[in-house]
Each structure stands twice: as C-alpha cells, then as structure tokens.
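Shown next: protein33.cif, given as mmCIF, C-alpha atoms; chains and numbers go by the auth columns.
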```cif
data_upload
#
loop_
_atom_site.group_PDB
_atom_site.id
_atom_site.type_symbol
_atom_site.label_atom_id
_atom_site.label_comp_id
_atom_site.label_asym_id
_atom_site.label_seq_id
_atom_site.Cartn_x
_atom_site.Cartn_y
_atom_site.Cartn_z
_atom_site.B_iso_or_equiv
_atom_site.auth_seq_id
_atom_site.auth_asym_id
ATOM 1 C CA ILE A 1 1.916 -22.314 7.387 0.00 261 A
ATOM 2 C CA LYS A 2 5.109 -20.541 8.421 0.00 262 A
ATOM 3 C CA SER A 3 4.181 -20.514 12.113 0.00 263 A
ATOM 4 C CA VAL A 4 3.459 -24.261 12.150 0.00 264 A
ATOM 5 C CA TYR A 5 6.226 -25.297 9.751 0.00 265 A
ATOM 6 C CA PRO A 6 9.102 -22.797 10.187 0.00 266 A
ATOM 7 C CA SER A 7 11.218 -24.546 7.543 0.00 267 A
ATOM 8 C CA ALA A 8 8.503 -24.443 4.860 0.00 268 A
ATOM 9 C CA ALA A 9 9.916 -23.413 1.481 0.00 269 A
ATOM 10 C CA SER A 10 8.631 -20.681 -0.803 0.00 270 A
ATOM 11 C CA GLY A 11 6.386 -21.960 -3.565 0.00 271 A
ATOM 12 C CA VAL A 12 2.831 -22.699 -4.650 0.00 272 A
ATOM 13 C CA TYR A 13 0.431 -23.874 -1.936 0.00 273 A
ATOM 14 C CA LEU A 14 -3.184 -25.028 -2.050 0.00 274 A
ATOM 15 C CA LEU A 15 -4.964 -22.882 0.549 0.00 275 A
ATOM 16 C CA MET A 16 -8.430 -23.127 2.025 0.00 276 A
ATOM 17 C CA LEU A 17 -10.773 -20.182 1.579 0.00 277 A
ATOM 18 C CA PRO A 18 -13.800 -20.564 3.890 0.00 278 A
ATOM 19 C CA ARG A 19 -15.625 -17.678 2.215 0.00 279 A
ATOM 20 C CA ALA A 20 -15.387 -19.209 -1.266 0.00 280 A
ATOM 21 C CA ARG A 21 -18.508 -21.364 -1.560 0.00 281 A
ATOM 22 C CA ARG A 22 -17.897 -22.785 -5.016 0.00 282 A
ATOM 23 C CA ASN A 23 -14.124 -23.127 -4.797 0.00 283 A
ATOM 24 C CA PRO A 24 -13.117 -23.528 -1.135 0.00 284 A
ATOM 25 C CA THR A 25 -9.483 -24.115 -2.101 0.00 285 A
ATOM 26 C CA SER A 26 -7.194 -22.298 -4.514 0.00 286 A
ATOM 27 C CA TYR A 27 -3.504 -22.168 -5.420 0.00 287 A
ATOM 28 C CA PHE A 28 -1.397 -19.249 -4.199 0.00 288 A
ATOM 29 C CA TYR A 29 2.279 -18.377 -4.268 0.00 289 A
ATOM 30 C CA CYS A 30 3.693 -18.037 -0.741 0.00 290 A
ATOM 31 C CA ASN A 31 6.996 -16.314 -0.005 0.00 291 A
ATOM 32 C CA MET A 32 8.517 -18.055 3.025 0.00 292 A
ATOM 33 C CA ALA A 33 11.954 -16.460 2.739 0.00 293 A
ATOM 34 C CA SER A 34 11.089 -12.962 3.953 0.00 294 A
ATOM 35 C CA ALA A 35 13.805 -11.155 5.903 0.00 295 A
ATOM 36 C CA ASP A 36 11.461 -10.760 8.887 0.00 296 A
ATOM 37 C CA ASN A 37 11.009 -14.567 9.071 0.00 297 A
ATOM 38 C CA THR A 38 7.308 -14.379 8.254 0.00 298 A
ATOM 39 C CA GLY A 39 5.281 -15.795 5.390 0.00 299 A
ATOM 40 C CA TRP A 40 3.533 -13.679 2.725 0.00 300 A
ATOM 41 C CA THR A 41 0.773 -14.706 0.304 0.00 301 A
ATOM 42 C CA LEU A 42 0.786 -13.134 -3.154 0.00 302 A
ATOM 43 C CA VAL A 43 -2.650 -11.716 -4.034 0.00 303 A
ATOM 44 C CA TRP A 44 -1.837 -9.335 -6.909 0.00 304 A
ATOM 45 C CA SER A 45 1.060 -9.403 -9.357 0.00 305 A
ATOM 46 C CA ASN A 46 1.515 -7.269 -12.470 0.00 306 A
ATOM 47 C CA ILE A 47 4.601 -7.534 -14.659 0.00 307 A
ATOM 48 C CA ARG A 48 5.204 -5.473 -17.751 0.00 308 A
ATOM 49 C CA GLY A 49 4.161 -6.381 -21.257 0.00 309 A
ATOM 50 C CA GLY A 50 1.249 -8.322 -22.671 0.00 310 A
ATOM 51 C CA ALA A 51 -2.445 -7.514 -22.794 0.00 311 A
ATOM 52 C CA GLY A 52 -5.699 -9.043 -21.626 0.00 312 A
ATOM 53 C CA LYS A 53 -4.314 -9.670 -18.165 0.00 313 A
ATOM 54 C CA PRO A 54 -6.491 -11.356 -15.516 0.00 314 A
ATOM 55 C CA HIS A 55 -7.081 -8.061 -13.730 0.00 315 A
ATOM 56 C CA SER A 56 -8.232 -6.089 -16.794 0.00 316 A
ATOM 57 C CA GLN A 57 -11.763 -5.621 -18.133 0.00 317 A
ATOM 58 C CA MET A 58 -13.075 -6.922 -14.821 0.00 318 A
ATOM 59 C CA THR A 59 -16.572 -6.629 -13.387 0.00 319 A
ATOM 60 C CA TRP A 60 -17.055 -5.376 -9.848 0.00 320 A
ATOM 61 C CA THR A 61 -18.257 -8.830 -8.767 0.00 321 A
ATOM 62 C CA ASN A 62 -15.058 -10.503 -9.969 0.00 322 A
ATOM 63 C CA ALA A 63 -12.959 -7.726 -8.479 0.00 323 A
ATOM 64 C CA ILE A 64 -14.401 -8.636 -5.096 0.00 324 A
ATOM 65 C CA ASN A 65 -14.911 -12.398 -5.409 0.00 325 A
ATOM 66 C CA GLY A 66 -12.382 -13.620 -7.994 0.00 326 A
ATOM 67 C CA LEU A 67 -9.733 -16.186 -7.102 0.00 327 A
ATOM 68 C CA PHE A 68 -6.085 -15.853 -8.132 0.00 328 A
ATOM 69 C CA SER A 69 -5.902 -16.219 -11.905 0.00 329 A
ATOM 70 C CA TRP A 70 -2.933 -18.239 -13.141 0.00 330 A
ATOM 71 C CA PRO A 71 -1.962 -17.819 -16.810 0.00 331 A
ATOM 72 C CA SER A 72 -2.199 -21.090 -18.732 0.00 332 A
ATOM 73 C CA ALA A 73 1.555 -20.988 -19.346 0.00 333 A
ATOM 74 C CA ASN A 74 2.084 -21.523 -15.620 0.00 334 A
ATOM 75 C CA ILE A 75 -0.124 -24.627 -15.362 0.00 335 A
ATOM 76 C CA LEU A 76 1.725 -27.949 -15.260 0.00 336 A
ATOM 77 C CA ASN A 77 -0.080 -31.277 -14.628 0.00 337 A
ATOM 78 C CA GLY A 78 -3.160 -29.436 -13.427 0.00 338 A
ATOM 79 C CA ALA A 79 -1.389 -27.252 -10.866 0.00 339 A
ATOM 80 C CA PRO A 80 0.518 -23.954 -11.136 0.00 340 A
ATOM 81 C CA SER A 81 4.285 -24.019 -11.413 0.00 341 A
ATOM 82 C CA THR A 82 6.813 -21.204 -11.338 0.00 342 A
ATOM 83 C CA THR A 83 10.247 -20.468 -12.683 0.00 343 A
ATOM 84 C CA SER A 84 13.342 -19.866 -10.564 0.00 344 A
ATOM 85 C CA ASN A 85 12.185 -16.260 -10.172 0.00 345 A
ATOM 86 C CA PRO A 86 8.415 -16.643 -9.756 0.00 346 A
ATOM 87 C CA LEU A 87 7.665 -12.997 -9.045 0.00 347 A
ATOM 88 C CA GLU A 88 8.784 -12.209 -12.590 0.00 348 A
ATOM 89 C CA SER A 89 7.027 -15.136 -14.227 0.00 349 A
ATOM 90 C CA PHE A 90 3.302 -14.522 -13.864 0.00 350 A
ATOM 91 C CA VAL A 91 0.515 -12.027 -13.344 0.00 351 A
ATOM 92 C CA GLY A 92 -2.584 -12.617 -11.273 0.00 352 A
ATOM 93 C CA TYR A 93 -5.241 -11.121 -9.069 0.00 353 A
ATOM 94 C CA THR A 94 -7.298 -12.204 -6.028 0.00 354 A
ATOM 95 C CA GLY A 95 -10.674 -10.702 -5.093 0.00 355 A
ATOM 96 C CA VAL A 96 -10.394 -8.221 -2.262 0.00 356 A
ATOM 97 C CA ARG A 97 -12.854 -10.024 0.015 0.00 357 A
ATOM 98 C CA PHE A 98 -10.291 -12.818 0.505 0.00 358 A
ATOM 99 C CA TRP A 99 -7.355 -10.618 1.418 0.00 359 A
ATOM 100 C CA GLN A 100 -7.988 -10.496 5.146 0.00 360 A
ATOM 101 C CA HIS A 101 -8.413 -14.257 5.336 0.00 361 A
ATOM 102 C CA LEU A 102 -5.068 -14.660 3.563 0.00 362 A
ATOM 103 C CA SER A 103 -3.344 -12.187 5.904 0.00 363 A
ATOM 104 C CA PRO A 104 -4.103 -13.270 9.484 0.00 364 A
ATOM 105 C CA ARG A 105 -1.546 -10.765 10.798 0.00 365 A
ATOM 106 C CA GLY A 106 -3.503 -7.925 9.185 0.00 366 A
ATOM 107 C CA LYS A 107 -0.540 -6.802 7.071 0.00 367 A
ATOM 108 C CA ILE A 108 -0.359 -5.692 3.464 0.00 368 A
ATOM 109 C CA ARG A 109 2.857 -5.197 1.486 0.00 369 A
ATOM 110 C CA TYR A 110 3.555 -3.644 -1.905 0.00 370 A
ATOM 111 C CA ASP A 111 6.864 -4.478 -3.637 0.00 371 A
ATOM 112 C CA TRP A 112 8.123 -2.881 -6.836 0.00 372 A
ATOM 113 C CA SER A 113 11.011 -3.537 -9.209 0.00 373 A
ATOM 114 C CA ALA A 114 12.059 -1.088 -11.899 0.00 374 A
ATOM 115 C CA ASP A 115 12.422 -3.868 -14.457 0.00 375 A
ATOM 116 C CA PHE A 116 13.147 -7.555 -14.866 0.00 376 A
ATOM 117 C CA GLY A 117 16.231 -8.800 -13.045 0.00 377 A
ATOM 118 C CA LEU A 118 16.828 -5.602 -11.064 0.00 378 A
ATOM 119 C CA GLY A 119 15.519 -6.839 -7.712 0.00 379 A
ATOM 120 C CA ILE A 120 13.084 -5.116 -5.356 0.00 380 A
ATOM 121 C CA ALA A 121 13.798 -1.369 -5.313 0.00 381 A
ATOM 122 C CA GLN A 122 10.827 -0.238 -3.208 0.00 382 A
ATOM 123 C CA SER A 123 8.845 -2.128 -0.571 0.00 383 A
ATOM 124 C CA TYR A 124 6.235 -0.699 1.799 0.00 384 A
ATOM 125 C CA GLU A 125 4.373 -2.540 4.557 0.00 385 A
ATOM 126 C CA CYS A 126 1.270 -1.446 6.494 0.00 386 A
ATOM 127 C CA SER A 127 -1.331 -2.761 8.862 0.00 387 A
ATOM 128 C CA TYR A 128 -4.718 -2.536 7.210 0.00 388 A
ATOM 129 C CA THR A 129 -8.438 -2.917 7.760 0.00 389 A
ATOM 130 C CA TYR A 130 -11.526 -2.701 5.601 0.00 390 A
ATOM 131 C CA LEU A 131 -14.447 -0.505 6.325 0.00 391 A
ATOM 132 C CA ALA A 132 -17.865 -2.018 5.762 0.00 392 A
ATOM 133 C CA PRO A 133 -18.676 -3.595 2.405 0.00 393 A
ATOM 134 C CA PRO A 134 -19.868 -3.003 -0.253 0.00 394 A
ATOM 135 C CA SER A 135 -17.399 -0.149 -0.620 0.00 395 A
ATOM 136 C CA TYR A 136 -14.411 -2.128 0.744 0.00 396 A
ATOM 137 C CA THR A 137 -12.746 1.160 1.568 0.00 397 A
ATOM 138 C CA LEU A 138 -9.211 0.494 2.781 0.00 398 A
ATOM 139 C CA ALA A 139 -7.577 2.043 5.845 0.00 399 A
ATOM 140 C CA VAL A 140 -3.854 1.656 6.543 0.00 400 A
ATOM 141 C CA SER A 141 -1.704 2.465 9.579 0.00 401 A
ATOM 142 C CA GLY A 142 1.737 1.853 11.040 0.00 402 A
ATOM 143 C CA CYS A 143 3.418 1.856 7.637 0.00 403 A
ATOM 144 C CA VAL A 144 7.163 1.155 7.392 0.00 404 A
ATOM 145 C CA PHE A 145 9.723 1.007 4.608 0.00 405 A
ATOM 146 C CA ARG A 146 11.200 -2.435 4.038 0.00 406 A
ATOM 147 C CA THR A 147 13.269 -1.259 1.071 0.00 407 A
ATOM 148 C CA GLY A 148 13.668 2.190 -0.446 0.00 408 A
ATOM 149 C CA SER A 149 12.374 5.499 0.895 0.00 409 A
ATOM 150 C CA VAL A 150 9.568 6.602 -1.451 0.00 410 A
ATOM 151 C CA VAL A 151 5.971 6.359 -0.189 0.00 411 A
ATOM 152 C CA PRO A 152 3.906 4.635 -2.911 0.00 412 A
ATOM 153 C CA GLY A 153 1.166 6.508 -4.689 0.00 413 A
ATOM 154 C CA LEU A 154 -1.072 3.619 -3.622 0.00 414 A
ATOM 155 C CA VAL A 155 -1.000 5.231 -0.159 0.00 415 A
ATOM 156 C CA ASN A 156 -0.449 8.916 -0.960 0.00 416 A
ATOM 157 C CA TYR A 157 -3.018 9.192 -3.726 0.00 417 A
ATOM 158 C CA HIS A 158 -5.462 6.394 -3.109 0.00 418 A
ATOM 159 C CA VAL A 159 -5.673 4.659 0.254 0.00 419 A
ATOM 160 C CA ALA A 160 -4.883 7.777 2.272 0.00 420 A
ATOM 161 C CA GLY A 161 -7.975 9.408 0.842 0.00 421 A
ATOM 162 C CA GLY A 162 -10.172 6.484 1.771 0.00 422 A
ATOM 163 C CA TYR A 163 -11.487 5.931 -1.744 0.00 423 A
ATOM 164 C CA ALA A 164 -13.630 2.888 -2.379 0.00 424 A
ATOM 165 C CA PHE A 165 -12.753 -0.106 -4.476 0.00 425 A
ATOM 166 C CA SER A 166 -13.963 0.546 -8.000 0.00 426 A
ATOM 167 C CA ALA A 167 -14.235 -1.357 -11.248 0.00 427 A
ATOM 168 C CA ALA A 168 -15.715 -0.699 -14.658 0.00 428 A
ATOM 169 C CA ASP A 169 -19.348 -1.437 -13.865 0.00 429 A
ATOM 170 C CA ARG A 170 -19.296 0.583 -10.620 0.00 430 A
ATOM 171 C CA ASP A 171 -17.298 3.599 -11.780 0.00 431 A
ATOM 172 C CA THR A 172 -19.216 6.880 -11.514 0.00 432 A
ATOM 173 C CA ALA A 173 -18.074 7.792 -15.030 0.00 433 A
ATOM 174 C CA PRO A 174 -17.807 4.427 -16.838 0.00 434 A
ATOM 175 C CA THR A 175 -16.861 5.934 -20.210 0.00 435 A
ATOM 176 C CA GLY A 176 -14.264 8.382 -18.990 0.00 436 A
ATOM 177 C CA GLY A 177 -13.488 7.718 -15.335 0.00 437 A
ATOM 178 C CA CYS A 178 -10.429 6.166 -13.751 0.00 438 A
ATOM 179 C CA SER A 179 -11.486 2.568 -14.188 0.00 439 A
ATOM 180 C CA TRP A 180 -12.261 3.099 -17.878 0.00 440 A
ATOM 181 C CA GLN A 181 -8.886 4.785 -18.436 0.00 441 A
ATOM 182 C CA TYR A 182 -7.079 1.860 -16.834 0.00 442 A
ATOM 183 C CA SER A 183 -8.733 -0.981 -18.734 0.00 443 A
ATOM 184 C CA GLY A 184 -11.393 -1.809 -16.168 0.00 444 A
ATOM 185 C CA THR A 185 -8.870 -2.684 -13.487 0.00 445 A
ATOM 186 C CA PRO A 186 -10.121 -2.610 -9.880 0.00 446 A
ATOM 187 C CA PHE A 187 -8.375 -0.131 -7.628 0.00 447 A
ATOM 188 C CA TRP A 188 -8.814 2.259 -4.734 0.00 448 A
ATOM 189 C CA TYR A 189 -9.127 5.266 -7.008 0.00 449 A
ATOM 190 C CA GLY A 190 -8.183 8.561 -5.413 0.00 450 A
ATOM 191 C CA SER A 191 -6.628 9.858 -8.601 0.00 451 A
ATOM 192 C CA CYS A 192 -6.214 8.067 -11.884 0.00 452 A
ATOM 193 C CA TRP A 193 -2.473 8.198 -12.054 0.00 453 A
ATOM 194 C CA SER A 194 0.024 7.922 -9.240 0.00 454 A
ATOM 195 C CA GLY A 195 0.599 4.524 -7.758 0.00 455 A
ATOM 196 C CA SER A 196 -1.647 2.576 -10.102 0.00 456 A
ATOM 197 C CA ILE A 197 -0.652 -1.081 -10.042 0.00 457 A
ATOM 198 C CA TRP A 198 -1.991 -1.282 -13.583 0.00 458 A
ATOM 199 C CA GLY A 199 0.192 1.551 -14.860 0.00 459 A
ATOM 200 C CA ASP A 200 -1.211 2.941 -18.117 0.00 460 A
ATOM 201 C CA GLY A 201 -3.544 0.080 -18.885 0.00 461 A
ATOM 202 C CA ASP A 202 -4.331 -1.039 -22.427 0.00 462 A
ATOM 203 C CA ILE A 203 -6.668 1.778 -23.419 0.00 463 A
ATOM 204 C CA ASP A 204 -3.936 3.809 -25.108 0.00 464 A
ATOM 205 C CA ASN A 205 -2.293 0.714 -26.594 0.00 465 A
ATOM 206 C CA LYS A 206 1.150 1.655 -25.337 0.00 466 A
ATOM 207 C CA GLY A 207 1.695 -1.871 -24.091 0.00 467 A
ATOM 208 C CA HIS A 208 5.039 -1.127 -22.484 0.00 468 A
ATOM 209 C CA SER A 209 3.378 1.002 -19.793 0.00 469 A
ATOM 210 C CA ASN A 210 0.789 -1.511 -18.591 0.00 470 A
ATOM 211 C CA ALA A 211 2.747 -2.505 -15.499 0.00 471 A
ATOM 212 C CA ALA A 212 2.940 -1.197 -11.959 0.00 472 A
ATOM 213 C CA TYR A 213 3.819 2.397 -11.091 0.00 473 A
ATOM 214 C CA TRP A 214 5.164 3.125 -7.615 0.00 474 A
ATOM 215 C CA ILE A 215 4.557 6.847 -8.058 0.00 475 A
ATOM 216 C CA ASN A 216 3.402 8.986 -10.965 0.00 476 A
ATOM 217 C CA SER A 217 5.397 8.947 -14.156 0.00 477 A
ATOM 218 C CA ALA A 218 4.604 9.878 -17.737 0.00 478 A
ATOM 219 C CA GLY A 219 7.618 8.013 -19.056 0.00 479 A
ATOM 220 C CA GLY A 220 8.268 4.407 -19.891 0.00 480 A
ATOM 221 C CA PHE A 221 10.015 1.924 -17.646 0.00 481 A
ATOM 222 C CA ALA A 222 12.358 2.827 -14.880 0.00 482 A
ATOM 223 C CA SER A 223 15.952 1.666 -14.745 0.00 483 A
ATOM 224 C CA ALA A 224 18.539 0.821 -12.148 0.00 484 A
ATOM 225 C CA ALA A 225 19.507 4.501 -12.132 0.00 485 A
ATOM 226 C CA THR A 226 15.984 5.713 -11.377 0.00 486 A
ATOM 227 C CA ALA A 227 14.776 2.871 -9.172 0.00 487 A
ATOM 228 C CA SER A 228 15.353 4.929 -6.037 0.00 488 A
ATOM 229 C CA THR A 229 12.638 7.374 -7.119 0.00 489 A
ATOM 230 C CA GLY A 230 10.012 4.738 -7.799 0.00 490 A
ATOM 231 C CA ALA A 231 9.021 6.540 -11.003 0.00 491 A
ATOM 232 C CA GLY A 232 8.133 4.856 -14.250 0.00 492 A
ATOM 233 C CA GLY A 233 6.644 1.496 -15.085 0.00 493 A
ATOM 234 C CA GLY A 234 7.938 -1.656 -13.448 0.00 494 A
ATOM 235 C CA ASN A 235 6.834 -4.935 -11.920 0.00 495 A
ATOM 236 C CA GLY A 236 4.616 -4.832 -8.853 0.00 496 A
#
```
Would you mind writing the structure in this file as structure tokens?
Amino acid sequence: IKSVYPSAASGVYLLMLPRARRNPTSYFYCNMASADNTGWTLVWSNIRGGAGKPHSQMTWTNAINGLFSWPSANILNGAPSTTSNPLESFVGYTGVRFWQHLSPRGKIRYDWSADFGLGIAQSYECSYTYLAPPSYTLAVSGCVFRTGSVVPGLVNYHVAGGYAFSAADRDTAPTGGCSWQYSGTPFWYGSCWSGSIWGDGDIDNKGHSNAAYWINSAGGFASAATASTGAGGGNG
C-alpha cells in the first residue's frame, strides 16, 4: 500500500490473504508513519491488564491459521475502529503462516513500551525467514536497533536458539511446560521467561503481569525510569 500510495494514512485496512481459504480478506492495522518511510502491518499486540485475550488458551491450529482477532469493543458498524493511540487500544494475534505474506520486505519488528502513554522505549528490527513447516522455526538476521539498546529476549532466548512455534496442544509437557505456564499462548519457546510477549500469562492470576516483557523480569510493570533496561511488564 505504502509503495503505491505514498501518502496513505495509518489506520485499519482490509487486506487480501491468498492463503486464507475461508476468509480471503481480513482487517489489519497498518502504521504508515514509520520514520523509515515504510509501512508496517500489526500482527500481534499485547497490552497490559485483562484476561481471556485472543492469544491465550489457543490450539496449535489457531496459532498457525488464525486471523487477527479484534476485541468487540473495537468493532464499529461492522469494521474495526481505533482510538487516537491505536497501539494502546487493542490486543490481537495473527496466525504465523500469514506473517510472510503480510511482510513482503521480509522484515519483522518488535516494539515495547514500559506502560501506557510512555511511548516506544525499545524497538528491534530483523530480516526473517521460516524453516519448513510444520515447526515454523524462525530464523532472524541483520537485526538493528530502531529505539533503545537492549536486545529483546525474543531473540536472545527464543529465536536465536531456533526453537519451534509451540502451543498448548503441541507442547512436549502440556501440564507443566512453557505453553501451559503462559496460558496456552503460542511462542518460539527457548526458555519460558525472558522476552515472552505474553509476560506472566493468566495461570498465576497476577493479572498485572500478563503483558509483554522485553527481557526477563520478576517484577511488575516498568516505568519511565526503567524503560531503558526493557525489564518488567509493558505493552508490546
């Protein structure tokens, strides 16, 4: 969209998904105001608070094939709508098999904010490829910092080890493994802790910790003072 319409505004777009047989189109939030003058499609968003999020208690099939799940509060006249700060207004998840179609440049980016209203404190961008399904193992290269200086646990603890995509019904230890501990959330599990986009999950009923972690932290939410470390819960 950005390459054909350079002046396109950020917002919700109805995109075609050739690999989705039942639902060939779906709504996605597209950021057209990136500093590098490129467009980015949001495939996974997790903000703090709440329970029963669209990326929890998920089967492996939905983790691979699911389309972006918009909370009912964001639906207006049959289509999603956002607030003035959309990245702090909804959570959602897109099945991993669609990611490459939605990123024709082969780039993946992970942004993190320590808390609401504090802005992006950490941002990391990589080129990426999948190895052969059904594992959907992720490989990244050429990573650069867009903001901040802390490498996310997503890369250090998970992707760098080449661990396969996993969800509750494919976990090797479904009653005590990583996926179980993090409420059945799909992830490239290298370790259960650092860099989990799901944070602490809902299993321990902490609630306040079920948001994104940039790196490992046993505490609650970060703050403006600790945003430079990427530690603690936040919005990812």
Once the PyMOL selection byres ((chain A and resi 381-383) around 12) has been evaluated on this model, what residues remain selected, and can you format them as number ranges by chain?
A: 294, 368-380, 384-386, 403-414, 472-475, 482-491, 494-496
Could you give me, as a ChimeraX atom specification, the residues that have an atom at most 10 Å away from the point (-13.3, -9.4, -1.0) in the coordinates of the file, using all atoms listed in the file?
/A:279,321-327,354-361,390,393-394,396,425
Could you expand the PyMOL selection byres ((chain A and resi 366) around 8) into the explicit residues it covers here, written as a PDB file with C-alpha atoms, in the frame of the given file?
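Result file is expr_24.pdb:
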```pdb
ATOM      1  CA  GLN A 360      -7.988 -10.496   5.146  1.00  0.00           C
ATOM      2  CA  SER A 363      -3.344 -12.187   5.904  1.00  0.00           C
ATOM      3  CA  PRO A 364      -4.103 -13.270   9.484  1.00  0.00           C
ATOM      4  CA  ARG A 365      -1.546 -10.765  10.798  1.00  0.00           C
ATOM      5  CA  LYS A 367      -0.540  -6.802   7.071  1.00  0.00           C
ATOM      6  CA  ILE A 368      -0.359  -5.692   3.464  1.00  0.00           C
ATOM      7  CA  SER A 387      -1.331  -2.761   8.862  1.00  0.00           C
ATOM      8  CA  TYR A 388      -4.718  -2.536   7.210  1.00  0.00           C
ATOM      9  CA  THR A 389      -8.438  -2.917   7.760  1.00  0.00           C
TER      10      THR A 389
END
```
Exercise: residues within 7 Å of coordinate (4.4, 2.9, -14.9), counting all atoms listed in the file, as a list in words
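Within 7 Å of (4.4, 2.9, -14.9), the protein and nucleic acid residues are Gly459, Asp460, Ser469, Asn470, Ala471, Ala472, Tyr473, Ser477, Gly480, Phe481, Gly492, Gly493 and Gly494 of chain A.
If you look at atom CA of A:Ser270 and atom CA of A:Trp458, they are 25.5 Å away from each other.
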Please fill the gaps in stretch 396-404 of chain A so it has all heavy atoms, and write that as an mmCIF file, in the frame of the given file.
```cif
data_model
loop_
_atom_site.group_PDB
_atom_site.id
_atom_site.type_symbol
_atom_site.label_atom_id
_atom_site.label_comp_id
_atom_site.auth_asym_id
_atom_site.auth_seq_id
_atom_site.Cartn_x
_atom_site.Cartn_y
_atom_site.Cartn_z
ATOM 1 N N TYR A 396 -15.739 -1.563 0.511
ATOM 2 C CA TYR A 396 -14.411 -2.128 0.744
ATOM 3 C C TYR A 396 -13.339 -1.048 0.820
ATOM 4 O O TYR A 396 -12.206 -1.230 0.387
ATOM 5 C CB TYR A 396 -14.049 -3.160 -0.319
ATOM 6 C CG TYR A 396 -14.805 -4.452 -0.159
ATOM 7 C CD1 TYR A 396 -16.009 -4.659 -0.816
ATOM 8 C CD2 TYR A 396 -14.340 -5.451 0.682
ATOM 9 C CE1 TYR A 396 -16.725 -5.828 -0.653
ATOM 10 C CE2 TYR A 396 -15.054 -6.629 0.848
ATOM 11 C CZ TYR A 396 -16.239 -6.818 0.177
ATOM 12 O OH TYR A 396 -16.946 -7.977 0.347
ATOM 13 N N THR A 397 -13.714 0.093 1.374
ATOM 14 C CA THR A 397 -12.746 1.160 1.568
ATOM 15 C C THR A 397 -11.608 0.655 2.458
ATOM 16 O O THR A 397 -11.832 -0.011 3.459
ATOM 17 C CB THR A 397 -13.418 2.383 2.216
ATOM 18 O OG1 THR A 397 -14.466 2.815 1.357
ATOM 19 C CG2 THR A 397 -12.417 3.509 2.410
ATOM 20 N N LEU A 398 -10.391 0.990 2.082
ATOM 21 C CA LEU A 398 -9.211 0.494 2.781
ATOM 22 C C LEU A 398 -8.641 1.560 3.703
ATOM 23 O O LEU A 398 -8.553 2.723 3.336
ATOM 24 C CB LEU A 398 -8.158 0.085 1.753
ATOM 25 C CG LEU A 398 -6.952 -0.704 2.265
ATOM 26 C CD1 LEU A 398 -7.368 -2.116 2.657
ATOM 27 C CD2 LEU A 398 -5.882 -0.775 1.177
ATOM 28 N N ALA A 399 -8.253 1.153 4.909
ATOM 29 C CA ALA A 399 -7.577 2.043 5.845
ATOM 30 C C ALA A 399 -6.257 1.409 6.241
ATOM 31 O O ALA A 399 -6.206 0.216 6.563
ATOM 32 C CB ALA A 399 -8.446 2.276 7.085
ATOM 33 N N VAL A 400 -5.168 2.180 6.189
ATOM 34 C CA VAL A 400 -3.854 1.656 6.543
ATOM 35 C C VAL A 400 -3.270 2.451 7.710
ATOM 36 O O VAL A 400 -3.644 3.605 7.938
ATOM 37 C CB VAL A 400 -2.877 1.708 5.350
ATOM 38 C CG1 VAL A 400 -3.401 0.871 4.191
ATOM 39 C CG2 VAL A 400 -2.649 3.140 4.895
ATOM 40 N N SER A 401 -2.356 1.812 8.444
ATOM 41 C CA SER A 401 -1.704 2.465 9.579
ATOM 42 C C SER A 401 -0.375 1.781 9.854
ATOM 43 O O SER A 401 -0.123 0.678 9.361
ATOM 44 C CB SER A 401 -2.600 2.394 10.827
ATOM 45 O OG SER A 401 -2.816 1.041 11.203
ATOM 46 N N GLY A 402 0.463 2.446 10.630
ATOM 47 C CA GLY A 402 1.737 1.853 11.040
ATOM 48 C C GLY A 402 2.630 1.442 9.899
ATOM 49 O O GLY A 402 3.314 0.417 9.983
ATOM 50 N N CYS A 403 2.651 2.227 8.829
ATOM 51 C CA CYS A 403 3.418 1.856 7.637
ATOM 52 C C CYS A 403 4.922 2.024 7.858
ATOM 53 O O CYS A 403 5.363 2.971 8.513
ATOM 54 C CB CYS A 403 2.981 2.692 6.447
ATOM 55 S SG CYS A 403 1.235 2.502 6.019
ATOM 56 N N VAL A 404 5.703 1.110 7.284
ATOM 57 C CA VAL A 404 7.163 1.155 7.392
ATOM 58 C C VAL A 404 7.780 0.815 6.043
ATOM 59 O O VAL A 404 7.196 0.089 5.239
ATOM 60 C CB VAL A 404 7.692 0.173 8.465
ATOM 61 C CG1 VAL A 404 7.204 0.568 9.848
ATOM 62 C CG2 VAL A 404 7.279 -1.260 8.144
#
```
